[in-house]
>>> print(open('query_2.txt').read())   # compact mmCIF, C-alpha atoms
# COMPACT_ATOMS: atom_id res chain seq x y z
CA MET A 1 13.45 3.81 35.18
CA LEU A 2 14.86 6.49 32.95
CA SER A 3 15.37 9.67 34.89
CA LEU A 4 13.47 12.80 33.99
CA GLU A 5 16.80 14.59 34.04
CA ASP A 6 18.00 12.53 31.06
CA SER A 7 14.75 13.17 29.21
CA ASN A 8 14.92 16.90 29.90
CA LYS A 9 18.51 16.98 28.66
CA PHE A 10 17.52 15.41 25.34
CA ALA A 11 14.56 17.78 25.17
CA GLU A 12 16.95 20.75 25.30
CA TYR A 13 19.02 19.29 22.47
CA ILE A 14 15.90 18.72 20.37
CA LYS A 15 14.75 22.32 20.91
CA ALA A 16 18.22 23.59 19.92
CA ILE A 17 18.29 21.49 16.74
CA GLU A 18 14.74 22.58 15.87
CA HIS A 19 15.82 26.22 16.23
CA LEU A 20 18.92 25.67 14.09
CA CYS A 21 16.92 23.93 11.34
CA ILE A 22 14.89 27.13 11.05
CA PHE A 23 17.63 29.75 11.31
CA ASP A 24 20.90 28.03 10.36
CA LYS A 25 21.40 27.55 6.63
CA ASP A 26 23.39 24.31 6.92
CA PHE A 27 20.97 22.65 9.33
CA GLY A 28 18.08 23.79 7.16
CA HIS A 29 19.81 22.46 4.04
CA ALA A 30 20.44 19.10 5.67
CA LEU A 31 16.78 18.90 6.69
CA ASP A 32 15.55 19.78 3.19
CA ASN A 33 17.80 17.13 1.62
CA ILE A 34 16.21 14.35 3.66
CA SER A 35 12.60 15.59 3.53
CA SER A 36 12.61 16.34 -0.21
CA LEU A 37 14.73 13.49 -1.58
CA GLY A 38 13.11 10.94 0.72
CA HIS A 39 9.57 11.97 -0.24
CA THR A 40 9.11 9.64 -3.21
CA PRO A 41 5.98 7.86 -4.51
CA TYR A 42 4.99 4.71 -2.63
CA SER A 43 2.93 1.61 -3.26
CA ILE A 44 0.49 -0.24 -0.99
CA THR A 45 0.31 -4.04 -1.08
CA PHE A 46 -1.24 -6.75 1.07
CA ASN A 47 -0.52 -10.33 2.01
CA ASP A 48 -0.95 -13.00 -0.65
CA THR A 49 -4.31 -14.24 0.67
CA VAL A 50 -5.98 -10.93 -0.27
CA SER A 51 -7.63 -11.02 -3.69
CA ASP A 52 -6.91 -8.37 -6.29
CA GLU A 53 -10.49 -7.06 -6.04
CA GLN A 54 -10.30 -6.65 -2.27
CA ALA A 55 -6.85 -5.06 -2.46
CA GLU A 56 -8.09 -2.51 -4.99
CA GLU A 57 -11.13 -1.77 -2.82
CA MET A 58 -8.98 -1.21 0.29
CA ILE A 59 -6.58 1.07 -1.58
CA ILE A 60 -9.52 3.17 -2.77
CA GLU A 61 -10.80 3.30 0.81
CA ILE A 62 -7.45 4.66 1.99
CA SER A 63 -7.26 7.17 -0.85
CA ASN A 64 -10.77 8.52 -0.20
CA ASN A 65 -10.24 9.08 3.53
CA SER A 66 -6.54 9.87 3.95
CA LYS A 67 -6.89 13.51 2.88
CA GLU A 68 -8.65 14.22 6.18
CA TRP A 69 -6.11 12.45 8.39
CA TYR A 70 -3.69 15.36 8.76
CA ASN A 71 -5.22 18.74 9.53
CA TYR A 72 -4.29 22.01 7.79
CA SER A 73 -2.28 20.26 5.10
CA GLN A 74 -2.49 18.34 1.84
CA GLY A 75 -3.05 15.05 3.60
CA LEU A 76 -0.61 12.18 3.48
CA ASP A 77 1.93 14.05 1.36
CA SER A 78 2.34 16.69 4.04
CA LEU A 79 2.32 14.06 6.78
CA ILE A 80 5.16 12.13 5.14
CA GLY A 81 7.23 15.30 4.76
CA ASP A 82 6.68 16.24 8.41
CA LEU A 83 7.51 12.73 9.60
CA LEU A 84 10.80 12.87 7.70
CA SER A 85 11.53 16.29 9.22
CA GLN A 86 10.70 15.01 12.69
CA MET A 87 13.22 12.19 12.29
CA VAL A 88 15.93 14.62 11.15
CA ILE A 89 15.34 16.87 14.16
CA ALA A 90 14.62 14.33 16.92
CA GLY A 91 15.83 11.04 15.46
CA CYS A 92 12.44 9.39 15.79
CA ILE A 93 8.81 9.33 14.74
CA SER A 94 6.50 10.37 17.55
CA ALA A 95 2.87 10.44 16.43
CA GLU A 96 -0.56 9.28 17.45
CA ILE A 97 -3.28 7.70 15.32
CA ILE A 98 -6.67 8.90 16.59
CA PRO A 99 -9.73 6.81 15.62
CA ASP A 100 -13.28 8.09 15.31
CA SER A 101 -15.33 8.15 18.49
CA ASP A 102 -17.53 5.33 17.12
CA LEU A 103 -14.46 3.32 16.02
CA SER A 104 -15.58 3.42 12.39
CA GLY A 105 -12.11 4.31 11.09
CA VAL A 106 -9.17 6.64 11.55
CA LYS A 107 -10.14 10.23 12.28
CA LYS A 108 -6.73 11.93 12.13
CA SER A 109 -3.05 11.66 12.98
CA VAL A 110 -1.21 14.05 15.28
CA LEU A 111 2.52 14.60 15.70
CA VAL A 112 3.54 14.47 19.35
CA HIS A 113 6.66 16.54 20.08
CA PRO A 114 9.46 14.12 21.07
CA LYS A 115 10.80 16.58 23.66
CA ASP A 116 7.66 15.94 25.71
CA ILE A 117 8.08 12.14 25.76
CA VAL A 118 9.41 10.30 28.83
CA PHE A 119 9.90 6.53 29.15
CA ARG A 120 9.39 4.63 32.40
CA TYR A 121 10.11 0.97 32.99
CA ASP A 122 7.09 -1.22 33.71
CA ALA A 123 8.01 -4.36 35.64
CA ALA A 124 4.72 -6.11 34.84
CA SER A 125 5.24 -5.98 31.06
CA ASP A 126 9.05 -5.89 31.30
CA GLU A 127 9.04 -2.99 28.82
CA PHE A 128 9.50 0.76 28.79
CA GLN A 129 6.20 2.60 28.54
CA PRO A 130 5.87 6.07 26.94
CA TYR A 131 4.56 9.01 28.96
CA GLN A 132 3.85 12.59 27.89
CA LYS A 133 4.75 15.60 30.00
CA ILE A 134 1.72 17.59 31.05
CA LYS A 135 2.13 21.20 29.97
CA GLY A 136 2.04 23.76 32.75
CA LEU A 137 3.10 21.30 35.44
CA ILE A 138 6.55 20.75 36.94
CA THR A 139 8.12 17.89 34.98
CA THR A 140 10.58 16.96 37.74
CA ASN A 141 7.66 15.28 39.50
CA PRO A 142 7.21 11.72 38.09
CA ASN A 143 3.47 11.95 38.79
CA ASN A 144 3.01 14.86 36.37
CA LEU A 145 3.08 12.54 33.38
CA ASN A 146 0.31 11.24 31.13
CA LYS A 147 0.63 7.60 30.11
CA LEU A 148 0.16 7.05 26.37
CA ASN A 149 -1.79 4.24 24.74
CA THR A 150 0.69 2.23 22.67
CA THR A 151 -2.14 0.98 20.46
CA THR A 152 -2.60 4.46 19.01
CA TYR A 153 0.68 6.18 19.95
CA LYS A 154 3.74 5.17 17.94
CA TYR A 155 7.38 5.94 18.74
CA TYR A 156 9.96 4.70 16.24
CA ALA A 157 13.60 5.51 17.06
CA LEU A 158 15.90 5.88 14.08
CA ARG A 159 18.88 5.01 16.29
CA LYS A 160 19.25 4.38 20.02
CA PHE A 161 21.90 3.01 22.36
CA ASN A 162 21.60 -0.23 24.32
CA ASP A 163 18.22 -0.60 26.04
CA ASN A 164 17.58 3.13 26.25
CA PRO A 165 14.44 3.74 24.15
CA ILE A 166 15.15 7.47 23.71
CA ALA A 167 16.24 8.23 20.14
CA ILE A 168 19.55 9.95 19.39
CA PRO A 169 19.06 13.09 17.23
CA PRO A 170 21.18 12.61 14.06
CA LEU A 171 22.35 16.25 13.97
CA ILE A 172 23.36 16.53 17.62
CA ALA A 173 27.09 16.24 16.84
CA ALA A 174 27.03 19.41 14.71
CA ILE A 175 25.91 21.74 17.50
CA GLU A 176 29.40 22.37 18.94
CA ASN A 177 30.94 23.38 15.61
CA THR A 178 27.91 25.57 14.90
CA ILE A 179 28.66 27.50 18.10
CA ILE A 180 32.28 27.90 16.99
CA GLU A 181 31.13 29.07 13.58
CA LYS A 182 28.88 31.70 15.15
CA ASP A 183 31.83 33.07 17.16
CA MET A 184 33.98 33.18 14.03
CA LEU A 185 31.30 35.04 12.11
CA CYS A 186 30.90 37.55 14.94
CA ASN A 187 34.65 38.22 14.87
CA LEU A 188 34.60 38.59 11.10
CA LYS A 189 31.64 40.93 11.35
CA PHE A 190 33.57 43.09 13.82
CA ILE A 191 36.60 43.21 11.50
CA VAL A 192 34.53 44.23 8.49
CA LYS A 193 32.61 46.82 10.46
CA LYS A 194 35.61 48.42 12.15
CA LEU A 195 38.35 47.96 9.59
CA GLY A 196 36.47 47.55 6.32
CA THR A 197 36.83 44.85 3.71
CA LEU A 198 39.87 46.43 2.00
CA GLY A 199 41.69 47.71 5.07
CA PHE A 200 41.83 50.81 7.25
CA LEU A 201 43.31 54.30 6.89
CA ASN A 202 46.29 55.15 9.08
CA VAL A 203 46.63 58.92 9.61
CA LEU A 204 49.60 60.45 11.43
CA VAL A 205 49.55 64.13 12.41
CA ASN A 206 52.22 66.26 14.04
CA ALA A 207 51.59 66.95 17.68
CA PRO A 208 51.20 70.65 18.64
CA LYS A 209 54.27 72.30 20.10
CA ARG A 210 54.46 72.44 23.85
CA LYS A 211 54.38 75.86 25.48
CA SER A 212 57.19 76.75 27.83
CA SER A 213 54.91 77.45 30.77
CA GLU A 214 52.64 74.43 30.08
CA SER A 215 52.64 71.48 32.48
CA GLU A 216 52.83 67.90 31.30
CA THR A 217 49.24 67.19 32.20
CA ALA A 218 47.96 70.28 30.43
CA TYR A 219 50.02 69.46 27.36
CA GLN A 220 48.64 65.90 27.14
CA GLN A 221 45.11 67.21 27.49
CA ARG A 222 45.67 69.74 24.70
CA CYS A 223 47.05 67.00 22.41
CA ASN A 224 44.00 64.81 23.03
CA THR A 225 41.71 67.73 22.32
CA TYR A 226 43.55 68.34 19.07
CA LEU A 227 43.14 64.68 17.97
CA GLU A 228 39.47 64.73 18.84
CA ALA A 229 39.06 67.78 16.63
CA VAL A 230 40.91 66.10 13.74
CA VAL A 231 38.83 62.89 13.72
CA PRO A 232 35.53 64.48 12.57
CA GLN A 233 37.36 66.21 9.72
CA LEU A 234 38.90 62.89 8.64
CA GLU A 235 35.53 61.10 8.74
CA LYS A 236 33.97 63.89 6.69
CA GLY A 237 36.77 63.64 4.14
CA LEU A 238 36.48 59.85 3.89
CA SER A 239 32.74 60.06 3.28
CA SER A 240 33.30 62.50 0.40
CA GLY A 241 36.01 60.32 -1.14
CA TYR A 242 39.09 62.48 -0.52
CA LEU A 243 41.25 63.87 2.30
CA VAL A 244 43.10 67.19 2.55
CA GLY A 245 46.09 67.83 4.78
CA TYR A 246 49.34 69.76 5.05
CA LYS A 247 52.54 68.42 3.57
CA ASP A 248 54.96 67.18 6.18
CA THR A 249 52.22 67.66 8.74
CA HIS A 250 49.73 64.89 7.87
CA GLU A 251 50.71 61.40 6.74
CA PHE A 252 48.05 59.17 5.15
CA LYS A 253 48.62 55.42 4.68
CA MET A 254 46.18 52.64 3.74
CA GLU A 255 46.82 49.53 5.82
CA SER A 256 45.67 46.17 4.34
CA VAL A 257 44.12 43.57 6.59
CA SER A 258 44.15 40.77 4.00
CA GLN A 259 47.49 39.48 5.20
CA ASN A 260 46.30 39.41 8.80
CA VAL A 261 43.17 37.38 7.99
CA GLN A 262 44.50 35.30 5.11
CA GLY A 263 44.15 32.14 7.22
CA ALA A 264 40.49 32.82 8.02
CA LYS A 265 39.30 30.92 4.94
CA ASP A 266 41.20 27.80 5.96
CA LEU A 267 39.85 28.05 9.51
CA PHE A 268 36.28 28.44 8.24
CA GLN A 269 36.69 25.48 5.89
CA LEU A 270 38.12 23.28 8.64
CA ASN A 271 35.27 24.12 10.99
CA THR A 272 32.72 23.67 8.19
CA GLU A 273 34.03 20.20 7.36
CA MET A 274 33.71 19.18 11.01
CA LYS A 275 30.21 20.66 11.11
CA MET A 276 29.17 18.75 7.98
CA SER A 277 30.47 15.57 9.57
CA GLY A 278 28.12 16.22 12.49
CA LEU A 279 25.26 16.84 10.05
CA LYS A 280 25.90 13.36 8.57
CA GLN A 281 26.11 14.80 5.05
CA SER A 282 28.86 15.72 2.64
CA PRO A 283 29.65 19.43 2.08
CA LEU A 284 28.84 18.73 -1.58
CA PHE A 285 25.16 18.22 -0.65
CA LEU A 286 25.09 21.46 1.37
CA GLY A 287 26.29 23.85 -1.31
CA ARG A 288 30.03 23.41 -0.65
CA ASN A 289 32.54 21.89 -3.04
CA PHE A 290 35.92 21.15 -1.50
CA ASN A 291 37.39 19.60 -4.67
CA THR A 292 35.31 16.41 -4.53
CA THR A 293 36.15 14.01 -7.37
CA GLU A 294 33.46 12.44 -9.55
CA THR A 295 34.16 8.96 -8.19
CA LEU A 296 33.94 10.14 -4.60
CA GLY A 297 30.76 12.04 -5.49
CA ARG A 298 29.10 8.79 -6.62
CA VAL A 299 30.16 7.09 -3.40
CA LEU A 300 28.73 9.95 -1.33
CA LEU A 301 25.51 9.85 -3.33
CA ALA A 302 25.16 6.12 -2.71
CA GLN A 303 25.78 6.72 0.98
CA LEU A 304 23.06 9.39 1.12
CA THR A 305 20.67 7.07 -0.72
CA SER A 306 21.28 4.35 1.86
CA LYS A 307 20.47 6.78 4.68
CA LEU A 308 17.34 7.95 2.90
CA SER A 309 16.13 4.36 2.59
CA LEU A 310 16.37 4.00 6.38
CA TYR A 311 14.26 7.13 6.85
CA GLN A 312 11.72 5.89 4.30
CA THR A 313 11.45 2.47 5.96
CA THR A 314 10.67 4.11 9.31
CA VAL A 315 7.96 6.30 7.78
CA ALA A 316 6.54 3.26 6.00
CA SER A 317 6.18 1.48 9.37
CA PHE A 318 3.98 4.28 10.70
CA LEU A 319 1.88 4.41 7.53
CA GLU A 320 1.36 0.65 7.69
CA ASP A 321 0.08 0.93 11.27
CA MET A 322 -2.29 3.75 10.32
CA PHE A 323 -3.62 2.01 7.18
CA LYS A 324 -4.06 -1.28 9.03
CA MET A 325 -5.98 0.35 11.88
CA HIS A 326 -8.34 2.14 9.51
CA LEU A 327 -9.05 -0.93 7.36
CA LEU A 328 -9.61 -3.22 10.34
CA LEU A 329 -12.03 -0.71 11.86
CA LYS A 330 -13.83 -0.67 8.50
CA GLY A 331 -14.30 -4.43 8.76
CA TYR A 332 -11.83 -5.68 6.17
CA LYS A 333 -10.22 -9.06 6.78
CA PHE A 334 -6.51 -9.34 6.07
CA GLU A 335 -3.23 -10.01 7.84
CA ASN A 336 -0.72 -7.38 6.80
CA VAL A 337 -0.38 -4.23 4.73
CA TYR A 338 2.93 -3.17 3.22
CA VAL A 339 4.09 0.31 2.19
CA THR A 340 7.09 0.48 -0.13
CA PHE A 341 8.73 3.75 -1.21
CA GLU A 342 10.48 4.09 -4.54
CA GLN A 343 14.20 4.69 -4.71
CA PRO A 344 15.09 8.29 -3.74
CA LEU A 345 16.92 9.04 -6.98
CA LEU A 346 16.08 8.00 -10.54
CA GLY A 347 19.61 6.74 -11.19
CA ASP A 348 19.41 4.52 -8.12
CA GLN A 349 16.07 3.15 -9.26
CA VAL A 350 17.46 2.28 -12.69
CA ARG A 351 20.46 0.54 -11.16
CA ALA A 352 18.20 -1.33 -8.76
CA GLU A 353 16.00 -2.52 -11.63
CA GLN A 354 19.05 -3.63 -13.60
CA ALA A 355 20.39 -5.52 -10.60
CA ARG A 356 17.02 -7.19 -10.04
CA SER A 357 16.77 -8.15 -13.72
CA THR A 358 20.19 -9.78 -13.50
CA LYS A 359 19.16 -11.65 -10.35
CA ILE A 360 15.99 -12.94 -12.02
CA ASP A 361 18.02 -14.23 -14.97
CA ASN A 362 20.44 -15.98 -12.64
CA GLU A 363 17.61 -17.59 -10.68
CA ASP A 364 15.98 -18.77 -13.92
CA LYS A 365 19.23 -20.42 -15.01
CA LEU A 366 19.60 -22.20 -11.67
CA TYR A 367 15.99 -23.42 -11.89
CA LYS A 368 16.32 -24.67 -15.47
CA GLN A 369 19.53 -26.53 -14.55
CA GLY A 370 17.69 -28.29 -11.74
CA VAL A 371 19.73 -26.64 -9.00
CA THR A 372 16.83 -24.88 -7.25
CA SER A 373 13.10 -25.48 -7.03
CA GLN A 374 10.24 -23.12 -7.83
CA GLN A 375 9.82 -22.55 -4.09
CA GLN A 376 13.51 -21.70 -3.60
CA ARG A 377 13.53 -19.40 -6.62
CA SER A 378 10.50 -17.49 -5.30
CA GLN A 379 12.07 -17.04 -1.87
CA ASN A 380 15.38 -15.87 -3.37
CA LEU A 381 13.45 -13.25 -5.33
CA GLY A 382 11.66 -11.97 -2.22
CA TYR A 383 8.37 -13.90 -2.33
CA ASP A 384 7.13 -16.24 0.38
CA VAL A 385 5.48 -18.72 -1.97
CA PRO A 386 5.17 -18.91 -5.77
CA ASN A 387 1.86 -18.04 -7.38
CA GLU A 388 1.93 -21.36 -9.27
CA ASP A 389 3.74 -24.62 -8.63
CA GLU A 390 5.46 -24.56 -12.02
CA PRO A 391 6.45 -21.71 -14.36
CA ARG A 392 3.91 -20.55 -16.84
CA ALA A 393 4.59 -21.68 -20.42
CA GLU A 394 6.61 -19.16 -22.35
CA VAL A 395 4.86 -17.50 -25.29
CA ILE A 396 7.14 -16.77 -28.23
CA PRO A 397 6.20 -13.36 -29.66
CA GLY A 398 4.86 -13.57 -33.22
CA SER A 399 4.47 -17.35 -33.21
CA GLY A 400 0.71 -17.21 -32.80
CA GLU A 401 0.83 -20.26 -30.55
CA ASP A 402 -1.39 -20.64 -27.54
CA PRO A 403 0.48 -22.77 -24.97
CA ASN A 404 -2.79 -23.55 -23.20
CA ASN A 405 -4.58 -24.88 -26.32
CA ASP A 406 -3.00 -27.91 -28.00
CA SER A 407 -5.69 -28.05 -30.71
CA SER A 408 -5.03 -24.54 -31.85
CA SER A 409 -5.32 -24.16 -35.61
CA SER A 410 -2.37 -21.84 -35.52
CA LYS A 411 0.05 -24.78 -35.63
CA ASN A 412 0.08 -24.49 -39.44
CA PRO A 413 -0.48 -20.83 -40.03
CA THR A 414 -1.08 -19.51 -43.53
CA ASN A 415 -1.10 -15.98 -44.76
CA ASP A 416 -2.68 -15.18 -48.09
CA ASP A 417 -1.12 -11.74 -48.01
CA ASP A 418 2.42 -13.06 -47.52
CA PRO A 419 4.43 -11.89 -50.56
CA THR A 420 6.99 -14.65 -49.93
CA ASP A 421 4.41 -17.41 -50.48
CA ASN A 422 5.42 -19.38 -53.61
CA LYS A 423 1.93 -20.75 -54.39
CA THR A 424 0.49 -20.01 -57.85
CA THR A 425 -2.96 -18.75 -58.68
CA GLU A 426 -4.85 -19.78 -61.83
CA ASP A 427 -7.25 -17.43 -63.57
>>> encode(input="query_2.txt", output="structure tokens")
Amino acid sequence: MLSLEDSNKFAEYIKAIEHLCIFDKDFGHALDNISSLGHTPYSITFNDTVSDEQAEEMIIEISNNSKEWYNYSQGLDSLIGDLLSQMVIAGCISAEIIPDSDLSGVKKSVLVHPKDIVFRYDAASDEFQPYQKIKGLITTNPNNLNKLNTTTYKYYALRKFNDNPIAIPPLIAAIENTIIEKDMLCNLKFIVKKLGTLGFLNVLVNAPKRKSSESETAYQQRCNTYLEAVVPQLEKGLSSGYLVGYKDTHEFKMESVSQNVQGAKDLFQLNTEMKMSGLKQSPLFLGRNFNTTETLGRVLLAQLTSKLSLYQTTVASFLEDMFKMHLLLKGYKFENVYVTFEQPLLGDQVRAEQARSTKIDNEDKLYKQGVTSQQQRSQNLGYDVPNEDEPRAEVIPGSGEDPNNDSSSSKNPTNDDDPTDNKTTED
């Protein structure tokens, strides 16, 4: 059984990351990149045995009811954005699909905070079962847990280690460098506040002469009193923009701090690069540009697209479960429903279409050469079975031929309006 101590430790990390995504600009930027770029249009399809009429009817059923499935929001669009955000923060989807009391369909979906989820091993099923911490009760007691129904509750981990079902938050590695960055900013704030951005004024004044009958202690006290009287006058002069003093008595010198902090930029950049590495994104995507070349930029963009596809696939799994539950409760008969998101970026979608077009051409050549069958070609293109046993006859544009009608009169077409016709007309 997973210990509650481990679950509570991950819960603290999740709360810290959630806080940083709200108040830290880099964490917030990383979250926005995933939730906005990954929120693309999607399509709903069904298994091949479902007719086009039934598929259209089921899609309309989903569209008409899905607006009510996520309270205080715009429906599925808001749900998808929040699911993407939940994965960025906690590394998983933790949500429950709640059906109507009469089991006539899905009533709503609710996000369950991952920090409240605990897994316990069940020997009977040989699986880990999810439990929810009961608010207001001491969570160190294993009995203060509410077992969740896995038919309605869904937990999809983006990444986990070994047989531990608890998800690893993707941004957890950036917390340490964020703490270092906060300390650096506090030090810089102190320097700016105390010394100023341009430097500080160094003022030297002559000490008062010591009286012959004056003790050492009395003399030191009188010197301190003199300096304390000078400071207000200096502050008043600085606020007015000028200082007045006696020649050979007061010495004014502006000390620059730029040389003392000239390495601060390099230190900040080094820590920022390590922080971005923990955020799993390039500094280029978070408003930083550390001389990234165009070629490297394309590589980083492709890498981000690959990560976004993983997020989208996880969200699609939850949507498929929700759509399937609603349609089955409505009485529809089918096997599977599939949700497919479009490519995150337009350029990626164009390249994907070009690659697919090339693959189709290659498969057609192999089929025409007798290397592969219609069944093999369909499977290589991502389909379980072909729609027809043999390819449909190709229609040549402009020929006017109907490949399904051998007696078509268009075999010998004539055109009275054709100016190239050489026939003659008698009056």
>>> atom_distance(input="query_2.txt", atom1="atom CA of Leu279 of chain A", atom2="atom CA of Ile175 of chain A")
8.9 Å
>>> closest_residue(input="query_2.txt", among="A:Thr340, A:Ser378, A:Ser109, A:Gln303", to="Met322 of chain A", atoms="all atoms listed in the file")
A:Ser109
>>> atom_distance(input="query_2.txt", atom1="atom CA of Ser73 of chain A", atom2="atom CA of Ile134 of chain A")
26.4 Å
>>> closest_residue(input="query_2.txt", among="A:Thr217, A:Lys15, A:Asn387, A:Leu204", to="Leu234 of chain A", atoms="only C-alpha atoms")
A:Leu204
>>> residues_around(input="query_2.txt", residues="segment 30-36 of chain A", least_positions_apart="6", cutoff="6 Å", atoms="all atoms listed in the file", output="PyMOL selection string")
chain A and resi 81+84-85
>>> write_last_selection(input="query_2.txt", atoms="C-alpha atoms", output="compact mmCIF listing (two decimals), in the frame of the given file")
# COMPACT_ATOMS: atom_id res chain seq x y z
CA GLY A 81 7.23 15.30 4.76
CA LEU A 84 10.80 12.87 7.70
CA SER A 85 11.53 16.29 9.22
>>> closest_residue(input="query_2.txt", among="A:Glu68, A:Asp26, A:Asp389, A:Asp361", to="Val110 of chain A", atoms="only C-alpha atoms")
A:Glu68
>>> residues_around(input="query_2.txt", residues="Ile172 of chain A", least_positions_apart="2", cutoff="9 Å", atoms="only C-alpha atoms", output="list in words")
Tyr13, Ile14, Ile17, Ile89, Ile168, Pro169, Pro170, Ala174, Ile175, Glu176, Gly278 and Leu279 of chain A
